[in-house]
Amino acid sequence: MNSWLNDVLDNDPDPTESREWLESLKAVIDADGTERAHQLLEGMVELTRRAGGHLPFAPTTEYVNTIPPHMEARIPGDQAMEWRIRSMIRWNAMAMVVRANRKPGDLGGHIASFASGATLYDVGFNHFWRAPSEDHPGDLLYVQGHSSPGIYARSFLEGRLTESQIDHLRMEVDGRGISSYPHPWLMPDYWQTATVSMGLGPIAAIYQARNWKYLEARGLMPKTDRKVWCFLGDGETDEPESLGAISIAGREGLDNLVFVINCNLQRLDGPVRGNGKIIQELEGNFRGAGWNVVKTIWGSYWDPLLARDHDGMLRKLMMETVDGEYQNCKAFGGKYTRDNFFGKYPETAAMVASLSDEDIWRLNRGGHDPHKVYAAYMNAVETKGQPTVILAKTVKGYGMGSAGEALNPTHQTKKLDDEAVRAFRDRFRIPLDDEQLKDGAVPFYHPGEKSEEVEYMKERRAALGGFLPQRRRKSTQTLAAPKLEVFERLMKDTGEREISTTMAFVQSLGLILRDKQVGPRVVPIVCDEARTFGMEGLFRQIGIYAPHGQKYKPVDRDQLMYYREDEAGQVLQEGISEAGAFASWLASATSYSTNDLPMLPFYIYYSMFGFQRIGDAAWQAADMRARGFLLGATAGRTTLNGEGLQHEDGHSHLLAGAIPNCRAYDPTFAAEVAVIVQHGMERMLDQQQDEYWYLTLMNENYAHPALPEGAAEGVIRGMYLLKDAGKPKKGELRVQLMGSGTILREVIAAAELLDKDFGVTADIWSCPSFTELRRDGFDVERWNRHNPEAKTPRKAYVTQLLEGRQGPAIAATDYVRAFPDQIRAFVPMHYTVLGTDGFGRSDTRANLRRHFEVDRFHIAHAAIDALAKDGGMTAKDAARALKLYRIDTDRPNPLLA
């Protein structure tokens, strides 16, 4: 037994008995292994707890490697060769950033992150990560964004990227360069996933792994051993999205998921946990969430010291030392480490007495040791029933020396002076002489296409199915969207039957689910609000996905639409997590690329909790060329009566409209919903267009008219004539009334008031997408500016529709005025917009619309006021309208109220 046992027994009331127990346990370990010992201990713990004993759970283990040396899987291959390759990649990654920042323009870039993680990536590329091939569907990589130069540097050696491309890092405008971070939109054949902003990669990776289990359970994808590998930094774990969903991975046993956390102990400005230990903290978090935790803290050079640590003093010292001090040890070198780390105790000082300061400085961290990394990765791929997190300790800026190794400003370092460049060359033995580095030159190094290093790299990748990263632009499968005729009943007048646009969507979804080809590919997603949106019928119809089935009898089992969970369920009920539900949607929305399996996800949610809440992820979806539908239900600032400020959406369309490949619509009627959904399916499924569609839906019930003949094109383009007042009679006053969503019905009612009270007639326009109208207008405006000599200038679609129409135009919506105002430049007459600027509040719909001045009375008055300004009526008419419609002019402006 180790001498540490004496310390354990010092205060023991019966040391003889305790010694016997511990010696017996050691005998079990020696004879039957640690698993048998663990089984016995678990039984003892359970027995003690049942007797009433309090045994606190220890969420962390010693500050040493999880896998002891004698249990490490041995790394295959030529390690000397791999070190040379890794060194070349390090050099080219550094050169890429340094060269970029010696050019004019301050392009930025990062050296330190990849410098710390190079070995973590290298071992994966050489031995673990499979590319899509005929034999395997391929693994999926979530590369930590700041490490992108290292991935490019590898591809350069492999011949996938040219020297010109890597010499134009962050210089993409002219089509010669490569993107700053992993951006599938900008490099659609290369990057698989978008991982910047920080925190988005981890949550997306979790739900991607879960999506694979879902597809396997539904029989849409064969079961394989493919893995999702997600790389992130220890500082990145402060992002709520990074750790916010780890419990679902543990709960559902996602053994196809591996997190690799590069624990270089530093975030952007300084230590991650200078006064603590981030690895221990993360171990506790992940172990508590049910993950397999593999700590890879110390490299092989530490193994002899730990083997001689019979009294446990080195382990004690490792546990006591905080991360800020570990950072100092790497920043200030071997002598500092001898004096301030090992020198803390006589026993540990004696352990390194025979080592030089240089030897102590070379004591490596686990994340820089390919042997330790390989063992950790092998443990991850062999683990069943649990996701795995590898906590790999590294040095930020490894190899940068005095220019940035382990220093606080390391993350921002993008320029190295000539001396630092030469030191980097010497440390990694790059065969470039001083002549090649003179006058500030930092050349890329390539050993040649036929060199043994390049041949080795290609052989390793060939054995793993091909190069990575690589992305599939189009699926080999094309799904035919249901034709518009399928939605015929939604195109008809509902008569006296009143429904909401939310119910119109639910009915559309039901029709799509019946389609034999598309129906099985539909992924309905809700975050605990299905009943709010009238979708509970899907529970019984297609079931809720539950990886372990339904192990209880639901309380509503005797009802027709009971809560039915099923291993092969189709609905994804994500609980109260908009970020999780959106990440789940994103996994399905990119399945055409990652799985060669087009899916059609519909995520429905309170619109206020959409783009406002997960806006960063919405841009991630755009970057990843997602295809699917987002449904912002209970939309608008006045339709959700009673819920109040935080639930009332007046701006989601502005946020959606800023995303270039998001098609956003605010339909009023069931027929519009059907046309938009059907056309969106054609675009995304038949044509495989890289865009996603956002529809706002309301919970207000009313009758729906049939779609006017020939209006479908206008619905998609953003505007069509709902009611034509006919050719104006001589002396007749006319206005153009425009609206969307539920406020279009107030517009229709305003037209009746104008005719009854003032003899003013109105053409009524439904505008399902002011966003599409704006985009069309800007496109036309640009074309005309670039074609000054064209015989016939182009006209915006809204201009074409309104040109020649009589009277001013008034537009009203349930959103802020900036929403309809965005087409002002293309409206060929006096244009007035009304909207719901200001804070929401609780009340009836009628009172809310009066408060925000978008009800029929305010719309009618705005029309009279516009006619007065145009000279068709007088100020007295406008004043009479104020009195007639009881508009309180002394009320505070709702924008400020």
# chains A, B, ... in the order shown; residues from 1 in each chain; ligands from 1
$ residues_around --residues "stretch 339-350 of chain A" --least-positions-apart "3" --cutoff "12 Å" --atoms "only C-alpha atoms" --output "PyMOL selection string"
chain A and resi 305-306+308-330+332-336+353-355+357+360-361
$ select_by_dssp --residues "stretch 545-576 of chain A" --states "strand (DSSP E)" --output "JSON, numbers by chain"
{"A": [545, 565, 566, 572, 573]}
$ residues_around --residues "stretch 649-664 of chain A" --least-positions-apart "3" --cutoff "7 Å" --atoms "only C-alpha atoms" --output "PyMOL selection string"
chain A and resi 607-608+611-612+619+622+635-637+691-695+769+771+814-816+819+836
$ write_last_selection --atoms "N, CA and C atoms" --output "CSV table (one decimal), in the first residue's frame"
chain,number,residue,atom,x,y,z
A,607,SER,N,-44.2,34.3,-31.2
A,607,SER,CA,-43.3,35.1,-32.1
A,607,SER,C,-42.4,36.0,-31.3
A,608,MET,N,-42.9,36.5,-30.2
A,608,MET,CA,-42.0,37.4,-29.4
A,608,MET,C,-40.8,36.7,-28.9
A,611,PHE,N,-37.0,35.5,-33.0
A,611,PHE,CA,-35.8,36.2,-33.4
A,611,PHE,C,-35.2,37.1,-32.3
A,612,GLN,N,-36.1,37.7,-31.5
A,612,GLN,CA,-35.6,38.5,-30.4
A,612,GLN,C,-34.7,37.7,-29.4
A,619,TRP,N,-29.1,33.8,-37.3
A,619,TRP,CA,-28.1,34.1,-38.3
A,619,TRP,C,-27.2,32.9,-38.5
A,622,ALA,N,-28.9,30.9,-41.1
A,622,ALA,CA,-28.7,31.5,-42.4
A,622,ALA,C,-27.3,31.1,-43.0
A,635,ALA,N,-48.7,36.4,-33.1
A,635,ALA,CA,-47.9,37.5,-33.5
A,635,ALA,C,-48.6,38.8,-33.4
A,636,GLY,N,-47.8,39.9,-33.5
A,636,GLY,CA,-48.4,41.2,-33.5
A,636,GLY,C,-48.5,41.7,-32.1
A,637,ARG,N,-48.7,43.1,-32.0
A,637,ARG,CA,-48.7,43.7,-30.7
A,637,ARG,C,-50.0,43.8,-30.1
A,691,GLU,N,-32.7,28.8,-48.4
A,691,GLU,CA,-33.4,29.8,-47.7
A,691,GLU,C,-34.4,29.2,-46.7
A,692,TYR,N,-34.8,30.0,-45.7
A,692,TYR,CA,-35.8,29.5,-44.8
A,692,TYR,C,-36.9,30.5,-44.7
A,693,TRP,N,-38.1,30.1,-44.3
A,693,TRP,CA,-39.3,30.9,-44.4
A,693,TRP,C,-39.9,31.1,-43.0
A,694,TYR,N,-40.3,32.4,-42.8
A,694,TYR,CA,-40.9,32.8,-41.5
A,694,TYR,C,-42.3,33.3,-41.8
A,695,LEU,N,-43.2,32.8,-41.1
A,695,LEU,CA,-44.6,33.2,-41.1
A,695,LEU,C,-45.1,33.6,-39.8
A,769,SER,N,-46.2,40.6,-47.4
A,769,SER,CA,-44.7,40.8,-47.1
A,769,SER,C,-44.2,42.1,-47.5
A,771,THR,N,-41.5,43.0,-46.4
A,771,THR,CA,-40.1,42.7,-46.6
A,771,THR,C,-39.7,42.3,-48.0
A,814,ASP,N,-49.7,45.4,-37.5
A,814,ASP,CA,-49.6,45.2,-36.0
A,814,ASP,C,-48.2,45.3,-35.6
A,815,TYR,N,-47.3,45.9,-36.4
A,815,TYR,CA,-45.9,46.0,-36.0
A,815,TYR,C,-45.5,47.5,-36.0
A,816,VAL,N,-44.3,47.7,-35.6
A,816,VAL,CA,-43.8,49.1,-35.6
A,816,VAL,C,-43.9,49.8,-37.0
A,819,PHE,N,-41.8,48.9,-40.1
A,819,PHE,CA,-42.1,47.8,-41.0
A,819,PHE,C,-42.8,48.1,-42.3
A,836,THR,N,-47.5,49.9,-34.4
A,836,THR,CA,-47.7,49.7,-32.9
A,836,THR,C,-46.4,50.0,-32.2
$ residues_around --residues "A:Leu120" --least-positions-apart "3" --cutoff "12 Å" --atoms "only C-alpha atoms" --output "ChimeraX atom specification"
/A:86,113-117,123-129,143-144,147,150-151,229-233,259-263,296,365-377,390-394
